[in-house]
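Step one of this worksheet: look at the structure below.
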Amino acid sequence: MKWIYVVLIGVLVVVFVYMINTDEPPTLNPFPQALSDEPDALLTGFEVTQFDTEGTQLYRLSATEATYYERLNRTNVLGLSMIVYSEGEDDWRLRADEGVYEEDSADPLLTLSGNIHLSSVGDAESTVVVTTASLNIYPRRQFAESMSRVIVENEGSKFHADQFEVDLGTKDVRFSADADSKVELLVSPSS
């Protein structure tokens with residue numbers, strides 16, 4: 001009967017040695033192989049200011065909410081407002097319901113949608129207000145282009161165009177050749 005215990009212990013030792021030699025240790029990988037599609041940061045009330053190489057302000061962007069996705073190199077923003085500077089002066093103000101900021105080291109893109117108002121800053125006679133449903137802005141180049149029909153208002157006039165481009169630095173504004181011939185002249189009570 002003692003030899004059964006000896007054989008049983010021997011079999012257990014052989015099985016134990018076999019398991020130790022044939023099992024590979026598990027590979028420990030503390031980081032996932034691919035980044036997830038889940039947001040990496042949720043921000044409330046954030047603000048970003050961009051400067052050029054000489055330290056002059058290019059723009060200041062703020063939003064009520066932002067969601068950052070590292071894998072996509074993208075930030076979704078809600079309640080956006082932006083001020084674009086030219087030669088350190090406050091030249092353009094922008095508001096939009098929402099947008100997507102895609103960071104590209106060479107040419108970042110801000111795609112806006114929903115209730116967009118872009119207005120130049122200046123005296124009442126030279127102020128231009130542009131309203132549209134979608135707009136692309138290249139902040140480092142200080143260039144904007146509409147992706148939908150625009151309404152442009154200036155003191156005493158208002159017109160519609162299919163496309164709109166503006167160099168925010170020089171205030172050079174271009175419209176499509178398909179601008180409406182229906183120009184509305186706004187008459188003020190004092191005239």
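Here's how to read the names in the structure tokens: chain A, B, ... by the order shown, residue numbers from 1 in each chain, ligand numbers from 1 in the order shown.
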Every residue of stretch 14-186 of chain A that DSSP places in strand (DSSP E or B), as an MDAnalysis selection string: chainID A and resid 41:51 57:69 74:86 89:102 109:120 129:138 143:146 150:154 157:161 164:167 172:175 184:185
Coordinates-based distance that separates atom CA of A:Trp92 from atom CA of A:Leu118 (Å, one decimal): 7.0 Å
Contact table stretch 68-150 of chain A vs stretch 42-64 of chain A, cut-off 7 Å, shortest pair per residue, only C-alpha atoms, as a Markdown table:
```
| residue | atom | partner | partner_atom | distance |
| --- | --- | --- | --- | --- |
| A:Tyr68 | CA | A:Leu42 | CA | 6.5 |
| A:Val77 | CA | A:Ala63 | CA | 6.2 |
| A:Leu78 | CA | A:Ala63 | CA | 5.9 |
| A:Gly79 | CA | A:Thr64 | CA | 5.1 |
| A:Leu80 | CA | A:Ala63 | CA | 4.3 |
| A:Ser81 | CA | A:Ser62 | CA | 5.4 |
| A:Met82 | CA | A:Leu61 | CA | 4.4 |
| A:Ile83 | CA | A:Arg60 | CA | 5.3 |
| A:Val84 | CA | A:Tyr59 | CA | 4.4 |
| A:Tyr85 | CA | A:Leu58 | CA | 5.1 |
| A:Ser86 | CA | A:Leu58 | CA | 6.8 |
| A:Gly88 | CA | A:Gln57 | CA | 5.8 |
```
Write out the residues from the selection above, keeping all heavy atoms, as an mmCIF file, in the first residue's frame.
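So the final result, stored in result34.cif, reads:
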```cif
data_model
loop_
_atom_site.group_PDB
_atom_site.id
_atom_site.type_symbol
_atom_site.label_atom_id
_atom_site.label_comp_id
_atom_site.auth_asym_id
_atom_site.auth_seq_id
_atom_site.Cartn_x
_atom_site.Cartn_y
_atom_site.Cartn_z
ATOM 1 N N TYR A 68 -11.793 65.336 -26.605
ATOM 2 C CA TYR A 68 -10.543 65.098 -27.325
ATOM 3 C C TYR A 68 -10.340 63.603 -27.564
ATOM 4 O O TYR A 68 -10.487 62.798 -26.646
ATOM 5 C CB TYR A 68 -9.364 65.657 -26.523
ATOM 6 C CG TYR A 68 -8.024 65.327 -27.112
ATOM 7 C CD1 TYR A 68 -7.643 65.848 -28.332
ATOM 8 C CD2 TYR A 68 -7.140 64.486 -26.439
ATOM 9 C CE1 TYR A 68 -6.408 65.546 -28.879
ATOM 10 C CE2 TYR A 68 -5.908 64.181 -26.974
ATOM 11 C CZ TYR A 68 -5.543 64.709 -28.200
ATOM 12 O OH TYR A 68 -4.336 64.404 -28.742
ATOM 13 N N VAL A 77 -15.922 70.247 -30.462
ATOM 14 C CA VAL A 77 -16.205 71.370 -29.582
ATOM 15 C C VAL A 77 -17.662 71.805 -29.717
ATOM 16 O O VAL A 77 -18.260 71.701 -30.775
ATOM 17 C CB VAL A 77 -15.266 72.570 -29.852
ATOM 18 C CG1 VAL A 77 -13.851 72.249 -29.463
ATOM 19 C CG2 VAL A 77 -15.326 72.998 -31.302
ATOM 20 N N LEU A 78 -18.222 72.307 -28.622
ATOM 21 C CA LEU A 78 -19.583 72.857 -28.589
ATOM 22 C C LEU A 78 -19.514 74.269 -28.038
ATOM 23 O O LEU A 78 -18.694 74.566 -27.171
ATOM 24 C CB LEU A 78 -20.486 72.006 -27.701
ATOM 25 C CG LEU A 78 -20.738 70.573 -28.142
ATOM 26 C CD1 LEU A 78 -21.535 69.826 -27.078
ATOM 27 C CD2 LEU A 78 -21.477 70.539 -29.464
ATOM 28 N N GLY A 79 -20.400 75.137 -28.520
ATOM 29 C CA GLY A 79 -20.443 76.516 -28.020
ATOM 30 C C GLY A 79 -19.151 77.252 -28.276
ATOM 31 O O GLY A 79 -18.563 77.822 -27.380
ATOM 32 N N LEU A 80 -18.711 77.267 -29.525
ATOM 33 C CA LEU A 80 -17.403 77.795 -29.891
ATOM 34 C C LEU A 80 -17.443 79.293 -30.145
ATOM 35 O O LEU A 80 -18.394 79.808 -30.727
ATOM 36 C CB LEU A 80 -16.939 77.078 -31.164
ATOM 37 C CG LEU A 80 -15.609 77.525 -31.708
ATOM 38 C CD1 LEU A 80 -14.726 76.329 -31.909
ATOM 39 C CD2 LEU A 80 -15.807 78.246 -33.021
ATOM 40 N N SER A 81 -16.410 79.976 -29.693
ATOM 41 C CA SER A 81 -16.189 81.375 -30.076
ATOM 42 C C SER A 81 -14.698 81.528 -30.361
ATOM 43 O O SER A 81 -13.867 80.843 -29.780
ATOM 44 C CB SER A 81 -16.664 82.342 -29.000
ATOM 45 O OG SER A 81 -15.892 82.201 -27.845
ATOM 46 N N MET A 82 -14.400 82.428 -31.291
ATOM 47 C CA MET A 82 -13.013 82.575 -31.732
ATOM 48 C C MET A 82 -12.749 84.033 -32.077
ATOM 49 O O MET A 82 -13.616 84.712 -32.626
ATOM 50 C CB MET A 82 -12.786 81.685 -32.958
ATOM 51 C CG MET A 82 -11.401 81.657 -33.482
ATOM 52 S SD MET A 82 -11.322 80.427 -34.837
ATOM 53 C CE MET A 82 -9.590 80.453 -35.175
ATOM 54 N N ILE A 83 -11.566 84.486 -31.745
ATOM 55 C CA ILE A 83 -11.107 85.815 -32.138
ATOM 56 C C ILE A 83 -9.841 85.602 -32.965
ATOM 57 O O ILE A 83 -8.926 84.889 -32.549
ATOM 58 C CB ILE A 83 -10.792 86.698 -30.919
ATOM 59 C CG1 ILE A 83 -12.049 86.910 -30.082
ATOM 60 C CG2 ILE A 83 -10.211 88.032 -31.358
ATOM 61 C CD1 ILE A 83 -11.808 87.653 -28.784
ATOM 62 N N VAL A 84 -9.811 86.188 -34.168
ATOM 63 C CA VAL A 84 -8.647 86.086 -35.043
ATOM 64 C C VAL A 84 -7.959 87.444 -35.035
ATOM 65 O O VAL A 84 -8.600 88.486 -35.214
ATOM 66 C CB VAL A 84 -9.057 85.692 -36.485
ATOM 67 C CG1 VAL A 84 -7.842 85.627 -37.385
ATOM 68 C CG2 VAL A 84 -9.792 84.355 -36.473
ATOM 69 N N TYR A 85 -6.646 87.421 -34.844
ATOM 70 C CA TYR A 85 -5.861 88.649 -34.753
ATOM 71 C C TYR A 85 -5.040 88.836 -36.019
ATOM 72 O O TYR A 85 -4.589 87.876 -36.631
ATOM 73 C CB TYR A 85 -4.908 88.590 -33.553
ATOM 74 C CG TYR A 85 -5.619 88.422 -32.238
ATOM 75 C CD1 TYR A 85 -5.825 87.167 -31.681
ATOM 76 C CD2 TYR A 85 -6.091 89.536 -31.548
ATOM 77 C CE1 TYR A 85 -6.476 87.017 -30.470
ATOM 78 C CE2 TYR A 85 -6.747 89.393 -30.343
ATOM 79 C CZ TYR A 85 -6.936 88.134 -29.812
ATOM 80 O OH TYR A 85 -7.586 87.991 -28.622
ATOM 81 N N SER A 86 -4.853 90.084 -36.398
ATOM 82 C CA SER A 86 -3.961 90.433 -37.491
ATOM 83 C C SER A 86 -3.049 91.526 -36.967
ATOM 84 O O SER A 86 -3.537 92.565 -36.499
ATOM 85 C CB SER A 86 -4.768 90.916 -38.695
ATOM 86 O OG SER A 86 -3.910 91.334 -39.719
ATOM 87 N N GLY A 88 -1.538 91.602 -34.273
ATOM 88 C CA GLY A 88 -1.811 91.809 -32.855
ATOM 89 C C GLY A 88 -3.131 92.486 -32.561
ATOM 90 O O GLY A 88 -3.471 92.703 -31.411
#
```
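Each of A:Val130, A:Ser157, A:Arg141, A:Leu94 was compared to A:Asp107 using only C-alpha atoms, and A:Arg141 turns out to be the nearest.
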Residue neighbourhood A:Glu103, 12 Å, only C-alpha atoms, exclusion window fewer than 3 positions, as a list in words: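 In the requested form, the answer reads Tyr68, Tyr69, Glu70, Arg71, Leu72, Asn73, Arg74, Thr75, Asn76, Val100, Ala106, Asp107, Pro108, Leu109, Leu110, Thr111, Tyr138, Pro139 and Arg140 of chain A.
Here atom CA of A:Asp167 stands at a distance of 10.0 Å from atom CA of A:Ile137.
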Among the residues A:Ala96, A:Leu168, A:Val14, A:Val129, the one that comes closest to A:Glu153 [using only C-alpha atoms]: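 Among the listed residues, A:Val129 lies closest to A:Glu153.
Distance-wise, atom CA of A:Val150 and atom CA of A:Ser176 end up 10.3 Å apart.
Considering the residues A:Ser120, A:Gln163, A:Thr131, A:Thr170 and counting only C-alpha atoms, A:Ile151 has its shortest atom-to-atom contact with A:Thr131.
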